[in-house]
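Structure record follows, encoded as structure tokens.
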Amino acid sequence: MKFHFPRSPKPPEISESDWNNWTWQLRHSLKTQEDFESVFALSADEKAAFQGGKELFNIRTTPYYASLAQDGGSSIRQILMPHKFEIEEGSQQMLDPLGEKRNNPAPRIIHRYSDRALFLVTDICSVYCRFCTRKHFTGQEQAFIKNEEYEKALAYIKSHPGIREVILSGGDPLTISDAQLDRVLSDLRRIDHVEIIRIGSRMPVVCPMRVTDDLVKILKKNKPVFLMSHFNHPNELTAEAAEALEKFVDNGVPVMNQMVLLNGINNHPALIQALNRRLLYLRVKPYYMFQCDPSMGTDHLRTSIEDSLEIQKELWGHLSGLAMPNLSVDIPNGGGKTYLVPNFETKQEGRVRHYLGWDGVEAQYVSPAPEKIKKPDISGFEKEWSDLKNSKR
Ligand SMILES: *Cc1c(COP(=O)(O)O)cnc(C)c1O
Ligand code: SF4
């Protein structure tokens, strides 16, 4: 192995078979201050956060993920541990920063882009990340979608032939049982127009033992299924996580990683390159690097857009394009995603654009005259194209 992925520090009193069993991990989740105190020496600020009451976003972690967060100042600790800053006023705090309630045409469906829709199959996660963007829904522990809502959600997808892709999200879709997941995937596969299924999950990070042979068999059977993982820090890449990622890929499930830049946690190019090179080595494609959404209680966890651009610019040219995630911000109020890219263009004069490249090369790109631009023959693809253009939300 090119990189060293250390095994998680399992407490000696817990057996290997318990520790490596995902249902044991979920059943033994830490939720209360007492639970946390059995594992962590809490600071005064952390203790104050546990007294946050109703206003505070739900608290939960697996023992596995907690074991990676033992060192007091560690990045992982800040991801799972509530802090009193969460209940203080910040500069921009929105319960629903992505305006999802406006794009919610059926229960548990968020349909923002015409060709793809989110299906929130559960609101439960095995770890409640303090930066979560969906605090308006996540963590109310309503569990797996009720039958009646499930049928309505499925009917919505069926009646919208423009939906080519269904993204299972939540909550964390991999907290549901294999049988439930198989049912959802098979029901979606029976819909003719659904081409791609994505599963967005943090389980490979917070409970990699969830990735069993039975699970990947279900995903393989319902192919093509893409797994969107959510690693934010190189220290989350343990031997267990690496094995889980390789199991997906070895079984024909492509894995893409979506990360979020977090203030004082991972906002340094040294960490971003370390994380993404390791992921790439494990055949995981770094996909998005998100600006943290302004959801409630996340002010202290957010970086500035300037800081994010600076990190990306420092990596540009040094880091393989395969390892480079797309820096992106979700425009608040449901504006959708937009890429943030370094601007290497210095000037435009008619057909001539002037550039200053990442390591200082100055040059021009001269476009052909507009009258020379012609469109190719699209015969055989006209209907597919007009269907896509005309698909409606
Ligand atoms: C991010 C997002 C998607 C997926 O967008 P991609 O750019 O295709 O990854 C789909 N629907 C909603 C509501 C989203 O927020
Ligand atoms: S796993 Fe995702 S949905 Fe769940 S708390 Fe973390 S960010 Fe939110």
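Ordering of the structure tokens sets the chain letters (A, B, ...); residue numbers start at 1 within each chain; ligands are numbered from 1 in the order shown.
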When you look at segment 231-238 of chain A with a cut-off of 6 Å (counting only C-alpha atoms), what residues show up, excluding the ones that are within fewer than 4 positions of it in the same chain? I need them as a CSV table (one decimal) with N, CA and C atoms, in the first residue's frame.
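So the final result, stored in around-v4.csv, reads:
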chain,number,residue,atom,x,y,z
A,5,PHE,N,-3.1,3.4,6.1
A,5,PHE,CA,-4.5,3.6,6.7
A,5,PHE,C,-4.6,2.9,8.0
A,6,PRO,N,-4.5,3.6,9.1
A,6,PRO,CA,-4.4,2.9,10.4
A,6,PRO,C,-5.8,2.3,10.8
A,7,ARG,N,-5.8,1.2,11.5
A,7,ARG,CA,-7.0,0.7,12.0
A,7,ARG,C,-7.6,1.6,13.2
A,259,MET,N,-17.1,16.7,-0.3
A,259,MET,CA,-16.6,17.2,1.0
A,259,MET,C,-17.1,18.6,1.2
A,275,LEU,N,-6.2,14.4,1.7
A,275,LEU,CA,-7.4,13.6,1.6
A,275,LEU,C,-7.7,13.1,0.2
Find the residues near ligand 1. Use a cut-off of 6 Å, count only C-alpha atoms and all ligand atoms, and write them as a PyMOL selection string. chain A and resi 110-113+116-118
Name the residues of segment 118-331 of chain A that come out as helix (DSSP H, G or I) in a backbone DSSP run; write them as a PyMOL selection string. chain A and resi 147-158+173-175+178-189+203-206+208-210+213-221+234-236+239-250+269-281+299-301+305-315+321-323
In terms of the shortest atom-to-atom distance over only C-alpha atoms, which of A:Leu120, A:Ile197, A:Val260, A:Ala241 is closest to Leu301 of chain A?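 Among the listed residues, A:Val260 lies closest to Leu301 of chain A.
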Mind checking which residues fall within 10 Å of Lys146 of chain A, counting only C-alpha atoms, ignoring those fewer than 6 positions away in the same chain, and posting them as a PyMOL selection string? chain A and resi 107+121-122
Nearby residues, ligand 2, 6 Å, only C-alpha atoms and all ligand atoms, as a ChimeraX atom specification: /A:125,128-129,132,134,138,170-172,202
For a quick check of understanding, using only C-alpha atoms, which of A:Glu148, A:Glu88, A:Asp18, A:Glu382 has the smallest distance to Ala48 of chain A?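 Selected residue with least distance to Ala48 of chain A: A:Glu88.
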Could you check which of A:Leu327, A:Arg278, A:Tyr365, A:Tyr64 is closest to Glu16 of chain A, using only C-alpha atoms?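 Smallest distance to Glu16 of chain A is found for A:Tyr64.
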Tell me, in Å to one decimal, how far atom CA of Lys217 of chain A is from atom CA of Asp115 of chain A. 27.0 Å
Near segment 89-104 of chain A, counting only C-alpha atoms, which residues have an atom at most 6 Å away, once you skip same-chain residues fewer than 3 positions from it, shown as a list in words? Ile109, Ile110, His111, Arg112, His136, Pro294, Ser295, Met296, Asp299, Pro332, Asn333 and Gly334 of chain A
All residues 7 Å or closer to Gly297 of chain A, only C-alpha atoms, same chain fewer than 3 positions away omitted, as JSON, numbers by chain: {"A": [85, 86, 87, 93]}
May I have the residues from that selection written out with N, CA and C atoms, as a CSV table (one decimal), in the first residue's frame?
chain,number,residue,atom,x,y,z
A,85,PHE,N,-21.3,27.6,20.7
A,85,PHE,CA,-21.4,28.5,19.6
A,85,PHE,C,-22.7,28.2,18.7
A,86,GLU,N,-23.1,27.0,18.7
A,86,GLU,CA,-24.2,26.6,17.9
A,86,GLU,C,-25.5,27.3,18.3
A,87,ILE,N,-25.6,27.7,19.6
A,87,ILE,CA,-26.9,28.3,20.0
A,87,ILE,C,-26.7,29.8,20.2
A,93,GLN,N,-27.9,32.7,9.4
A,93,GLN,CA,-28.4,31.5,9.9
A,93,GLN,C,-29.7,31.2,9.4
All strand (DSSP E) residues (DSSP, backbone) inside segment 281-382 of chain A, as a ChimeraX atom specification: /A:284-290,326-331,336-339,345-349,352-356,362-366
Would you work out the distance separating atom CA of Trp316 of chain A from atom CA of Pro269 of chain A, expressed in Å to one decimal? 10.2 Å
Excluding Arg77 of chain A and any residue of its chain fewer than 6 positions from it, enumerate the residues within 10 Å of it, using only C-alpha atoms, and give them as a list of chain:residue names.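 What passes the distance filter is A:Phe40, A:Tyr65, A:Ala66, A:Ser67, A:Leu68, A:Ala69, A:Gln70, A:Asp71, A:Ile265.
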